[in-house]
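Asks: The following file, work_30.cif, comprises mmCIF, C-alpha atoms:
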```cif
data_target
loop_
_atom_site.label_atom_id
_atom_site.label_comp_id
_atom_site.auth_asym_id
_atom_site.auth_seq_id
_atom_site.Cartn_x
_atom_site.Cartn_y
_atom_site.Cartn_z
CA MET L 109 20.16 -4.86 21.93
CA LYS L 110 18.49 -7.01 19.31
CA GLN L 111 15.25 -5.96 17.60
CA LYS L 112 12.67 -8.69 18.08
CA LEU L 113 10.36 -9.54 15.15
CA LEU L 114 7.19 -11.65 15.42
CA PHE L 115 5.24 -13.03 12.44
CA ILE L 116 1.59 -13.95 12.89
CA CYS L 117 -1.02 -15.82 10.87
CA LEU L 118 -4.17 -17.71 11.79
CA GLY L 119 -2.81 -21.03 13.05
CA ASN L 120 1.02 -20.72 12.84
CA ILE L 121 1.44 -23.73 10.53
CA CYS L 122 1.68 -22.16 7.05
CA ARG L 123 2.36 -18.46 6.47
CA SER L 124 3.91 -17.26 9.72
CA PRO L 125 6.37 -20.17 10.17
CA GLY L 126 7.25 -19.66 6.51
CA ALA L 127 7.94 -15.96 7.13
CA HIS L 128 9.85 -16.91 10.28
CA ALA L 129 12.18 -19.17 8.27
CA VAL L 130 12.55 -16.79 5.33
CA MET L 131 13.43 -13.83 7.54
CA GLN L 132 15.83 -15.91 9.63
CA LYS L 133 17.75 -16.97 6.52
CA MET L 134 17.86 -13.42 5.13
CA ILE L 135 19.19 -12.14 8.44
CA GLU L 136 21.92 -14.78 8.41
CA GLN L 137 22.81 -14.06 4.77
CA HIS L 138 23.18 -10.33 5.52
CA GLY L 139 25.25 -10.93 8.66
CA LEU L 140 22.60 -9.35 10.91
CA THR L 141 22.15 -12.08 13.52
CA ASP L 142 23.49 -9.73 16.18
CA ARG L 143 20.75 -7.21 15.39
CA PHE L 144 17.56 -9.23 14.95
CA GLU L 145 15.68 -12.06 16.65
CA VAL L 146 12.73 -13.79 14.94
CA ASP L 147 9.71 -15.77 16.15
CA SER L 148 6.21 -16.64 14.92
CA ALA L 149 2.81 -17.38 16.44
CA GLY L 150 -0.82 -18.03 15.57
CA ILE L 151 -4.03 -16.31 16.54
CA GLY L 152 -5.78 -19.60 17.40
CA ASP L 153 -4.65 -22.51 19.55
CA TRP L 154 -5.70 -25.32 17.17
CA HIS L 155 -2.16 -26.42 16.26
CA VAL L 156 -0.11 -25.54 19.36
CA GLY L 157 2.98 -27.74 19.56
CA GLN L 158 2.62 -29.07 16.00
CA LEU L 159 5.15 -28.80 13.17
CA PRO L 160 4.18 -26.64 10.16
CA ASP L 161 1.99 -27.96 7.37
CA LYS L 162 3.99 -30.57 5.42
CA ARG L 163 3.23 -28.78 2.16
CA MET L 164 4.75 -25.52 3.45
CA MET L 165 7.79 -27.43 4.71
CA LYS L 166 8.20 -29.15 1.32
CA HIS L 167 7.87 -25.98 -0.79
CA GLY L 168 10.12 -24.06 1.59
CA GLN L 169 12.78 -26.77 1.48
CA LYS L 170 12.93 -26.46 -2.33
CA ARG L 171 13.97 -22.83 -1.79
CA GLY L 172 16.47 -23.66 0.92
CA TYR L 173 14.38 -22.76 3.97
CA ASP L 174 14.16 -24.80 7.16
CA ILE L 175 10.49 -24.35 8.09
CA SER L 176 10.32 -26.34 11.32
CA HIS L 177 9.02 -23.97 14.02
CA ARG L 178 6.47 -25.62 16.30
CA ALA L 179 3.21 -23.70 16.51
CA ARG L 180 2.34 -21.52 19.47
CA GLN L 181 -0.48 -19.08 20.18
CA PHE L 182 -0.02 -15.31 20.31
CA ASN L 183 -0.16 -14.00 23.89
CA PRO L 184 -1.08 -10.30 24.04
CA LYS L 185 -0.13 -10.08 27.72
CA THR L 186 3.52 -10.87 26.98
CA ASP L 187 4.16 -10.66 23.23
CA PHE L 188 3.38 -6.94 22.90
CA ASP L 189 6.02 -6.21 25.52
CA ARG L 190 8.55 -8.73 24.23
CA PHE L 191 8.55 -7.84 20.54
CA ASP L 192 9.44 -4.59 18.77
CA TYR L 193 7.54 -5.40 15.57
CA ILE L 194 4.60 -7.73 14.90
CA PHE L 195 3.97 -8.57 11.23
CA VAL L 196 0.59 -10.01 10.22
CA MET L 197 -0.37 -11.72 6.99
CA ASP L 198 -3.75 -10.18 6.15
CA ASN L 199 -6.34 -7.60 7.18
CA ASP L 200 -8.26 -10.02 9.39
CA ASN L 201 -5.06 -10.78 11.29
CA TYR L 202 -4.43 -7.06 11.64
CA ARG L 203 -7.88 -6.32 13.06
CA THR L 204 -7.68 -9.22 15.49
CA ILE L 205 -4.22 -8.42 16.84
CA THR L 206 -4.70 -4.64 17.07
CA SER L 207 -7.98 -5.21 18.94
CA THR L 208 -5.96 -6.81 21.74
CA ALA L 209 -3.54 -3.89 22.05
CA ARG L 210 -3.90 -1.89 25.24
CA THR L 211 -2.10 1.28 24.10
CA ALA L 212 -1.27 3.20 20.93
CA ALA L 213 2.36 2.16 21.37
CA GLN L 214 1.30 -1.49 21.20
CA ARG L 215 -0.88 -0.86 18.14
CA ASN L 216 2.07 0.78 16.41
CA LYS L 217 4.04 -2.45 16.66
CA VAL L 218 1.55 -4.27 14.41
CA ARG L 219 2.37 -4.06 10.70
CA LYS L 220 0.90 -5.65 7.57
CA MET L 221 3.28 -7.69 5.42
CA ALA L 222 1.63 -6.20 2.34
CA ASP L 223 2.90 -2.74 3.30
CA TYR L 224 6.42 -3.96 2.53
CA PHE L 225 5.76 -5.54 -0.88
CA ALA L 226 7.75 -4.17 -3.81
CA GLU L 227 7.50 -6.77 -6.57
CA HIS L 228 3.87 -7.47 -5.62
CA ALA L 229 2.82 -3.92 -4.78
CA ASP L 230 -0.76 -4.55 -5.94
CA ALA L 231 -1.27 -7.40 -3.47
CA SER L 232 -3.05 -6.54 -0.22
CA SER L 233 -2.18 -9.64 1.81
CA VAL L 234 -0.46 -13.02 1.94
CA PRO L 235 -3.43 -15.32 1.18
CA ASP L 236 -3.76 -18.42 3.34
CA PRO L 237 -2.65 -21.41 1.18
CA TYR L 238 -4.07 -24.03 3.58
CA TYR L 239 -7.04 -24.92 1.37
CA GLY L 240 -5.14 -24.45 -1.88
CA ASP L 241 -2.80 -26.46 -4.08
CA GLY L 242 0.94 -26.27 -4.65
CA GLU L 243 0.60 -23.01 -6.55
CA ALA L 244 -1.02 -21.42 -3.50
CA PHE L 245 2.01 -22.32 -1.37
CA GLU L 246 4.41 -21.04 -4.03
CA LEU L 247 2.52 -17.73 -4.20
CA ALA L 248 2.56 -17.43 -0.42
CA LEU L 249 6.33 -17.91 -0.37
CA ASP L 250 6.82 -15.42 -3.23
CA LEU L 251 4.89 -12.80 -1.25
CA ILE L 252 6.64 -13.66 2.01
CA GLU L 253 10.06 -13.28 0.40
CA ASP L 254 9.05 -9.93 -1.10
CA GLY L 255 7.71 -8.71 2.25
CA CYS L 256 10.73 -9.88 4.22
CA ARG L 257 13.09 -8.08 1.85
CA GLY L 258 11.05 -4.90 2.32
CA ILE L 259 11.03 -5.27 6.09
CA LEU L 260 14.81 -5.58 6.20
CA ARG L 261 15.21 -2.54 3.96
CA SER L 262 12.90 -0.56 6.22
CA LEU L 263 14.52 -1.61 9.49
CA ASN L 264 17.96 -0.81 8.13
CA SER L 265 17.00 2.74 7.12
CA ARG L 266 16.51 5.17 9.99
CA ILE L 267 14.37 8.29 9.92
CA LYS L 268 16.60 11.16 8.80
CA MET L 269 13.99 13.92 8.93
CA VAL L 270 10.76 14.73 10.75
CA ILE L 271 8.28 17.15 9.14
CA LEU L 272 6.04 18.43 11.90
CA ASP L 273 2.68 20.15 11.93
CA PHE L 274 2.42 22.96 14.49
CA ASP L 275 -1.17 23.50 15.64
CA GLY L 276 -2.33 20.52 17.68
CA THR L 277 0.98 18.69 17.29
CA LEU L 278 3.63 20.95 18.82
CA GLY L 279 1.58 23.86 20.17
CA ASP L 280 -1.74 23.65 22.00
CA THR L 281 -3.58 26.32 19.99
CA ASN L 282 -7.03 24.72 20.04
CA ARG L 283 -8.69 27.16 22.39
CA ILE L 284 -7.36 30.36 20.84
CA ILE L 285 -8.15 29.15 17.29
CA VAL L 286 -11.72 28.10 18.06
CA ASP L 287 -12.37 31.20 20.22
CA THR L 288 -11.13 33.41 17.38
CA MET L 289 -13.27 31.62 14.80
CA MET L 290 -16.36 32.06 16.98
CA ALA L 291 -15.56 35.75 17.53
CA THR L 292 -15.14 36.16 13.77
CA PHE L 293 -18.60 34.75 13.07
CA ASP L 294 -20.04 37.07 15.74
CA GLU L 295 -18.38 40.20 14.37
CA ILE L 296 -19.58 39.50 10.82
CA ASN L 297 -23.07 38.66 12.13
CA LEU L 298 -23.01 35.09 10.88
CA GLN L 299 -24.64 32.22 12.74
CA ARG L 300 -22.05 30.33 14.73
CA PRO L 301 -21.34 26.69 13.97
CA THR L 302 -20.49 24.50 16.96
CA ARG L 303 -17.03 24.50 18.50
CA ASP L 304 -16.59 20.89 17.36
CA VAL L 305 -17.24 21.92 13.76
CA CYS L 306 -14.67 24.71 14.03
CA GLN L 307 -12.14 22.34 15.58
CA SER L 308 -12.62 19.83 12.76
CA THR L 309 -11.38 22.39 10.22
CA ILE L 310 -8.07 23.08 11.96
CA GLY L 311 -5.23 22.12 9.62
CA LEU L 312 -6.75 23.62 6.48
CA PRO L 313 -5.80 27.01 5.01
CA LEU L 314 -7.72 29.70 6.92
CA ALA L 315 -10.27 30.73 4.28
CA ARG L 316 -10.94 27.06 3.64
CA CYS L 317 -11.58 26.54 7.37
CA PHE L 318 -14.47 29.00 7.25
CA ALA L 319 -15.81 27.58 3.99
CA VAL L 320 -15.86 24.08 5.45
CA ALA L 321 -17.31 25.21 8.80
CA MET L 322 -20.10 27.09 6.98
CA PRO L 323 -20.59 25.68 3.46
CA SER L 324 -23.09 28.40 2.53
CA LEU L 325 -20.38 31.10 2.56
CA THR L 326 -19.39 32.67 -0.74
CA ASP L 327 -15.71 32.98 -1.62
CA SER L 328 -15.76 36.71 -0.78
CA GLU L 329 -17.39 36.02 2.59
CA ALA L 330 -14.79 33.37 3.39
CA GLU L 331 -12.02 35.84 2.51
CA ARG L 332 -13.66 38.46 4.75
CA CYS L 333 -13.74 35.89 7.56
CA GLU L 334 -10.03 35.22 7.02
CA THR L 335 -9.14 38.92 7.24
CA THR L 336 -11.27 39.43 10.34
CA TYR L 337 -9.85 36.29 11.98
CA ARG L 338 -6.26 37.44 11.46
CA ARG L 339 -6.99 40.80 13.11
CA ILE L 340 -8.79 39.29 16.10
CA PHE L 341 -6.14 36.60 16.52
CA SER L 342 -3.37 39.22 16.51
CA GLU L 343 -5.25 41.29 19.11
CA ASN L 344 -5.88 38.33 21.40
CA ARG L 345 -2.56 36.55 21.18
CA LYS L 346 -0.31 37.28 24.14
CA PRO L 347 2.99 35.67 25.16
CA GLY L 348 2.27 32.42 26.95
CA THR L 349 -1.15 31.97 25.34
CA VAL L 350 0.05 28.91 23.43
CA PRO L 351 2.05 26.30 25.36
CA LEU L 352 3.91 23.33 23.94
CA PHE L 353 2.30 19.95 24.51
CA PRO L 354 3.93 17.72 27.15
CA HIS L 355 7.38 16.33 26.29
CA VAL L 356 7.66 18.23 23.00
CA MET L 357 10.76 20.21 23.92
CA GLU L 358 12.62 17.27 25.48
CA THR L 359 11.84 15.04 22.49
CA LEU L 360 12.89 17.64 19.92
CA ARG L 361 16.16 18.18 21.76
CA GLN L 362 16.87 14.46 21.75
CA LEU L 363 16.03 14.13 18.06
CA HIS L 364 18.30 17.09 17.34
CA ARG L 365 21.15 15.49 19.32
CA HIS L 366 20.71 12.30 17.29
CA GLY L 367 21.19 14.28 14.08
CA THR L 368 17.57 14.14 12.90
CA ILE L 369 16.61 17.09 10.69
CA ILE L 370 13.59 18.84 12.26
CA THR L 371 11.24 20.93 10.10
CA ILE L 372 7.75 22.39 10.33
CA ALA L 373 5.07 22.45 7.61
CA SER L 374 1.93 24.30 8.71
CA SER L 375 -1.29 25.78 7.35
CA ARG L 376 -0.56 28.83 9.50
CA GLY L 377 0.91 31.97 7.90
CA HIS L 378 4.72 32.09 7.90
CA ASN L 379 5.11 35.24 10.02
CA THR L 380 2.77 34.09 12.79
CA LEU L 381 4.35 30.65 12.70
CA MET L 382 7.84 32.12 13.15
CA GLU L 383 6.60 34.21 16.07
CA PHE L 384 5.52 31.02 17.82
CA VAL L 385 8.77 29.23 16.92
CA ARG L 386 10.81 32.05 18.48
CA GLU L 387 8.54 32.52 21.49
CA LEU L 388 8.61 28.80 22.30
CA GLN L 389 12.41 28.67 21.81
CA LEU L 390 12.24 26.16 18.99
CA GLU L 391 14.37 28.13 16.53
CA PRO L 392 17.74 26.49 17.45
CA LEU L 393 16.21 23.05 16.83
CA VAL L 394 14.18 23.64 13.65
CA SER L 395 16.03 23.77 10.32
CA LEU L 396 13.17 24.87 8.04
CA VAL L 397 9.72 26.40 8.54
CA LEU L 398 7.09 26.43 5.78
CA GLY L 399 3.82 28.30 6.26
CA VAL L 400 0.77 28.28 4.05
CA ASP L 401 2.00 31.35 2.18
CA ASP L 402 5.26 29.58 1.30
CA VAL L 403 3.53 27.08 -0.98
CA VAL L 404 1.13 27.16 -3.90
CA ARG L 405 -0.70 23.96 -2.98
CA PRO L 406 -1.17 23.57 0.80
CA LYS L 407 -2.23 20.52 2.84
CA PRO L 408 -3.41 17.92 2.07
CA ASP L 409 -1.41 18.34 -1.15
CA ALA L 410 2.10 16.89 -1.02
CA GLN L 411 3.85 20.13 -2.01
CA PRO L 412 4.92 21.30 1.50
CA VAL L 413 6.61 17.95 2.08
CA GLN L 414 8.07 17.77 -1.41
CA LEU L 415 9.65 21.23 -1.08
CA THR L 416 11.11 20.25 2.29
CA LEU L 417 12.58 17.02 0.94
CA GLN L 418 14.05 18.81 -2.09
CA HIS L 419 15.59 21.50 0.12
CA PHE L 420 17.60 18.93 2.11
CA GLY L 421 18.01 16.24 -0.56
CA VAL L 422 16.20 13.66 1.57
CA LYS L 423 14.28 10.74 0.05
CA PRO L 424 10.59 10.29 0.97
CA GLN L 425 11.25 6.91 2.59
CA ASP L 426 13.72 8.56 4.98
CA ALA L 427 11.26 11.17 6.29
CA LEU L 428 8.40 11.00 8.78
CA VAL L 429 5.45 13.42 8.62
CA VAL L 430 3.86 14.03 12.02
CA GLY L 431 0.50 15.71 12.61
CA ASP L 432 -2.81 15.65 14.45
CA THR L 433 -5.30 15.75 11.56
CA GLU L 434 -6.16 13.77 8.46
CA TYR L 435 -4.80 16.63 6.34
CA ASP L 436 -1.30 16.08 7.77
CA ILE L 437 -1.47 12.33 7.18
CA LEU L 438 -2.75 12.72 3.62
CA MET L 439 -0.05 15.29 2.87
CA GLY L 440 2.63 12.85 3.98
CA LYS L 441 1.11 9.88 2.17
CA ASN L 442 0.74 11.91 -1.03
CA ALA L 443 4.48 12.60 -0.85
CA GLY L 444 5.35 8.93 -0.31
CA CYS L 445 6.49 9.35 3.31
CA ARG L 446 5.73 7.42 6.45
CA THR L 447 3.27 9.25 8.66
CA CYS L 448 2.55 9.52 12.37
CA GLY L 449 -0.72 10.73 13.87
CA VAL L 450 -0.76 12.22 17.37
CA THR L 451 -3.96 11.37 19.21
CA TYR L 452 -3.92 14.30 21.66
CA GLY L 453 -4.56 17.05 19.08
CA ASN L 454 -7.53 18.30 17.06
CA GLY L 455 -8.25 15.22 14.96
CA SER L 456 -9.87 12.03 16.19
CA LEU L 457 -8.23 8.62 16.38
CA GLN L 458 -10.73 7.30 13.84
CA GLU L 459 -9.92 10.08 11.36
CA LEU L 460 -6.19 9.42 11.67
CA GLN L 461 -6.72 5.70 11.16
CA GLN L 462 -8.99 6.24 8.15
CA ALA L 463 -6.43 8.58 6.61
CA GLY L 464 -3.92 5.72 6.82
CA ALA L 465 -1.40 6.90 9.43
CA THR L 466 1.61 4.57 9.53
CA TYR L 467 1.95 5.09 13.27
CA LEU L 468 -0.23 6.47 16.06
CA ILE L 469 1.13 7.91 19.30
CA ASP L 470 -0.56 9.16 22.46
CA ASP L 471 2.42 11.23 23.64
CA PHE L 472 4.97 13.18 21.58
CA SER L 473 7.85 11.41 23.33
CA GLU L 474 6.79 8.14 21.67
CA LEU L 475 8.38 9.46 18.47
CA LEU L 476 11.70 8.34 19.88
CA GLY L 477 10.57 4.72 19.77
CA LEU L 478 9.55 4.65 16.11
#
```
Please rewrite the model in this file as structure tokens.

Replies:
Amino acid sequence: MKQKLLFICLGNICRSPGAHAVMQKMIEQHGLTDRFEVDSAGIGDWHVGQLPDKRMMKHGQKRGYDISHRARQFNPKTDFDRFDYIFVMDNDNYRTITSTARTAAQRNKVRKMADYFAEHADASSVPDPYYGDGEAFELALDLIEDGCRGILRSLNSRIKMVILDFDGTLGDTNRIIVDTMMATFDEINLQRPTRDVCQSTIGLPLARCFAVAMPSLTDSEAERCETTYRRIFSENRKPGTVPLFPHVMETLRQLHRHGTIITIASSRGHNTLMEFVRELQLEPLVSLVLGVDDVVRPKPDAQPVQLTLQHFGVKPQDALVVGDTEYDILMGKNAGCRTCGVTYGNGSLQELQQAGATYLIDDFSELLGL
């Protein structure tokens, strides 16, 4: 089945028909016509049915491109379902198109051309040349060519490894973690923060969780909280207390069958983490487990991901870091990997977006579609 690519700009007469033509020619040159199908559209309906801007056609022809697609308007009711990837030219395009998405899966299809630049890595968009001169059209084509090359490289390289967070991503530990934090504050006779505040710290090393939840704590008090927490958590944890989120096991099994390397990088201690891995029957599927005590610099530092990549000899661009908090996303970005935020865990959608997650999913099974 062909992968369907859609390029979008404001009116579909300059940038997006240019990208349409450039990508089509690159696909033909690489012998990939059986794998990809290309189209373009505009956000507005001002130019529907018209040929591209004559200046774009002229500058494209000099480079050997047939820029002749007749403009059409983007239709969110059908185009989100029809296309696998939707590439937009600038941040305004991105905001407009993603605002029409009905689900996280649809939002994930929308990508910025600038994210694929290599030769123009400092550029943040493909500027609209409509009101510019010949140089503006040449620059637009330079950026479009750079972006299209990056897109093809990306689509031709599959994800070889997933590096997964545990708490809030694989296992639903929210209640036991927050309950244990609250019990810790009670036992040490400290004023409780709210449950929401405690939840917002999940993903950090344990002593850091307490320091963030209650900034007035001294280092020694935070360490005392950590020790007390570990004892209470051990006393309260019983088999079955922590379930997997829906579709986690089925998805991991399918990834494993496809040959994807599955690993875990967590801010939880290694021994407790391995207890959960064994109890939840994940051990046959997971090739490496790193806890907070296995690294010197924990999340959001890149070290857990870097150690994992080095262990298997995998390049950053071939790995996907998956987690539910900004700390997971930042860890992956700091290591140069693509990242995926799960919206059902401890972090908010806004936090995951602000951290710069490459993808967002509402259900773990949606990993299979990335």

Asks: Give me the result of the PyMOL selection byres ((chain L and resi 149-158) around 6) on this file, residue by residue, as a list in words.

Replies: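 For this structure, the PyMOL selection byres ((chain L and resi 149-158) around 6) resolves to Ile116, Cys117, Leu118, Gly119, Asn120, Ser148, Leu159, Arg178, Ala179, Arg180, Gln181 and Phe182 of chain L.
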
Asks: Go ahead and save the residues from that selection, with C-alpha atoms, as a JSON list (two decimals), in the coordinates of the input.

Replies:
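Once everything was written out, this is out_6.json:
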```
[["chain", "number", "residue", "atom", "x", "y", "z"],
["L", 116, "ILE", "CA", 1.59, -13.95, 12.89],
["L", 117, "CYS", "CA", -1.02, -15.82, 10.87],
["L", 118, "LEU", "CA", -4.17, -17.71, 11.79],
["L", 119, "GLY", "CA", -2.81, -21.03, 13.05],
["L", 120, "ASN", "CA", 1.02, -20.72, 12.84],
["L", 148, "SER", "CA", 6.21, -16.64, 14.92],
["L", 159, "LEU", "CA", 5.15, -28.80, 13.17],
["L", 178, "ARG", "CA", 6.47, -25.62, 16.30],
["L", 179, "ALA", "CA", 3.21, -23.70, 16.51],
["L", 180, "ARG", "CA", 2.34, -21.52, 19.47],
["L", 181, "GLN", "CA", -0.48, -19.08, 20.18],
["L", 182, "PHE", "CA", -0.02, -15.31, 20.31]]
```

Asks: Which residues are close to Leu263 of chain L, i.e. within 12 Å by all atoms listed in the file, leaving aside same-chain residues fewer than 5 positions away? Reply as a PyMOL selection string.

Replies: chain L and resi 110-113+135+140+143-144+192-193+224+256-258+425-426+478

Asks: With all atoms listed in the file as the atoms that count, which of L:His378, L:Lys268, L:Arg210, L:Arg171 lies nearest to Lys185 of chain L?

Replies: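 Of L:His378, L:Lys268, L:Arg210, L:Arg171, the one nearest Lys185 of chain L, counting all atoms listed in the file, is L:Arg210.
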
Asks: Using all atoms listed in the file, can you tell me which of L:Glu358, L:Asp401, L:Glu329, L:Asp273 comes closest to Tyr435 of chain L?

Replies: L:Asp273

Asks: Rounded to one decimal place, report the atom CA of Ala226 of chain L-atom CA of Ala248 of chain L distance in Å.

Replies: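 Answer for the atom CA of Ala226 of chain L to atom CA of Ala248 of chain L separation: 14.6 Å.
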
Asks: Hey, can you check how far atom CA of Glu136 of chain L sits from atom CA of Asn199 of chain L?

Replies: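 Separating atom CA of Glu136 of chain L from atom CA of Asn199 of chain L is a distance of 29.2 Å.
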
Asks: Any idea what the distance is between atom CA of Asn264 of chain L and atom CA of Gly139 of chain L?

Replies: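 For atom CA of Asn264 of chain L relative to atom CA of Gly139 of chain L, the distance reads 12.5 Å.
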
Asks: Select, from L:Ser374, L:Leu388, L:Ser342, L:Ile267, the residue with the minimum atom-to-atom distance to Val422 of chain L, counting only C-alpha atoms.

Replies: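 Of all the options, L:Ile267 lies closest to Val422 of chain L.
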
Asks: So, counting all atoms listed in the file, which residue among L:Ile370, L:Thr204, L:Met164, L:Thr141 is closest to Glu243 of chain L?

Replies: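 The closest residue to Glu243 of chain L is L:Met164.
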
Asks: Would you kindly return, as a list in words, each protein, DNA or RNA residue with an atom no farther than 6 Å from any atom of Val400 of chain L, considering only C-alpha atoms and excluding same-chain residues fewer than 4 positions away?

Replies: Ser375, Arg376 and Gly377 of chain L

Asks: Using only C-alpha atoms, please write the residues we just selected to a file, as a PDB file, in the coordinates of the input.

Replies:
```pdb
ATOM      1  CA  SER L 375      -1.290  25.780   7.350  1.00  0.00           C
ATOM      2  CA  ARG L 376      -0.560  28.830   9.500  1.00  0.00           C
ATOM      3  CA  GLY L 377       0.910  31.970   7.900  1.00  0.00           C
TER       4      GLY L 377
END
```

Asks: Would you pick out the contacts of segment 408-420 of chain L at 6 Å or less, using all atoms listed in the file, so that residues sharing its chain but fewer than 2 positions from it are not included, and give the list as number ranges by chain?

Replies: L: 405-406, 422, 435, 438-439, 442-443

Asks: Could you extract segment 281-288 of chain L of the given structure into a file holding all heavy atoms, as a CSV table (one decimal), in the first residue's frame?

Replies:
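Here's the written file result_32.csv:
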```csv
chain,number,residue,atom,x,y,z
L,281,THR,N,0.7,3.6,37.7
L,281,THR,CA,1.2,3.7,39.0
L,281,THR,C,0.8,5.0,39.7
L,281,THR,O,1.2,5.2,40.9
L,281,THR,CB,2.7,3.6,39.1
L,281,THR,OG1,3.3,4.6,38.2
L,281,THR,CG2,3.2,2.2,38.6
L,282,ASN,N,0.0,5.7,39.1
L,282,ASN,CA,-0.4,7.1,39.6
L,282,ASN,C,-0.9,7.0,41.0
L,282,ASN,O,-0.4,7.7,41.9
L,282,ASN,CB,-1.4,7.8,38.7
L,282,ASN,CG,-1.8,9.1,39.2
L,282,ASN,OD1,-2.5,9.3,40.1
L,282,ASN,ND2,-1.2,10.2,38.5
L,283,ARG,N,-1.8,6.2,41.3
L,283,ARG,CA,-2.5,6.2,42.6
L,283,ARG,C,-1.5,5.8,43.7
L,283,ARG,O,-1.4,6.4,44.7
L,283,ARG,CB,-3.7,5.3,42.6
L,283,ARG,CG,-4.4,5.3,43.9
L,283,ARG,CD,-5.7,4.5,43.8
L,283,ARG,NE,-6.4,4.5,45.1
L,283,ARG,CZ,-7.6,3.9,45.3
L,283,ARG,NH1,-8.3,3.3,44.3
L,283,ARG,NH2,-8.2,4.0,46.5
L,284,ILE,N,-0.8,4.7,43.5
L,284,ILE,CA,0.1,4.2,44.5
L,284,ILE,C,1.3,5.2,44.8
L,284,ILE,O,1.7,5.4,45.9
L,284,ILE,CB,0.7,2.8,44.2
L,284,ILE,CG1,1.4,2.3,45.4
L,284,ILE,CG2,1.6,2.8,43.0
L,284,ILE,CD1,1.8,0.8,45.3
L,285,ILE,N,1.8,5.9,43.7
L,285,ILE,CA,2.8,6.9,43.9
L,285,ILE,C,2.3,8.1,44.7
L,285,ILE,O,3.0,8.5,45.7
L,285,ILE,CB,3.4,7.3,42.5
L,285,ILE,CG1,4.2,6.2,41.8
L,285,ILE,CG2,4.3,8.6,42.7
L,285,ILE,CD1,4.6,6.6,40.4
L,286,VAL,N,1.2,8.6,44.3
L,286,VAL,CA,0.7,9.8,44.9
L,286,VAL,C,0.3,9.5,46.4
L,286,VAL,O,0.6,10.2,47.3
L,286,VAL,CB,-0.5,10.4,44.2
L,286,VAL,CG1,-1.1,11.6,44.9
L,286,VAL,CG2,0.0,10.9,42.8
L,287,ASP,N,-0.4,8.3,46.6
L,287,ASP,CA,-0.8,7.9,47.9
L,287,ASP,C,0.5,7.8,48.8
L,287,ASP,O,0.5,8.2,50.0
L,287,ASP,CB,-1.5,6.6,47.9
L,287,ASP,CG,-2.9,6.7,47.4
L,287,ASP,OD1,-3.4,7.9,47.3
L,287,ASP,OD2,-3.6,5.7,47.2
L,288,THR,N,1.5,7.2,48.3
L,288,THR,CA,2.8,7.0,49.1
L,288,THR,C,3.4,8.4,49.4
L,288,THR,O,4.0,8.6,50.5
L,288,THR,CB,3.7,6.1,48.3
L,288,THR,OG1,3.0,4.9,48.0
L,288,THR,CG2,4.9,5.7,49.2
```
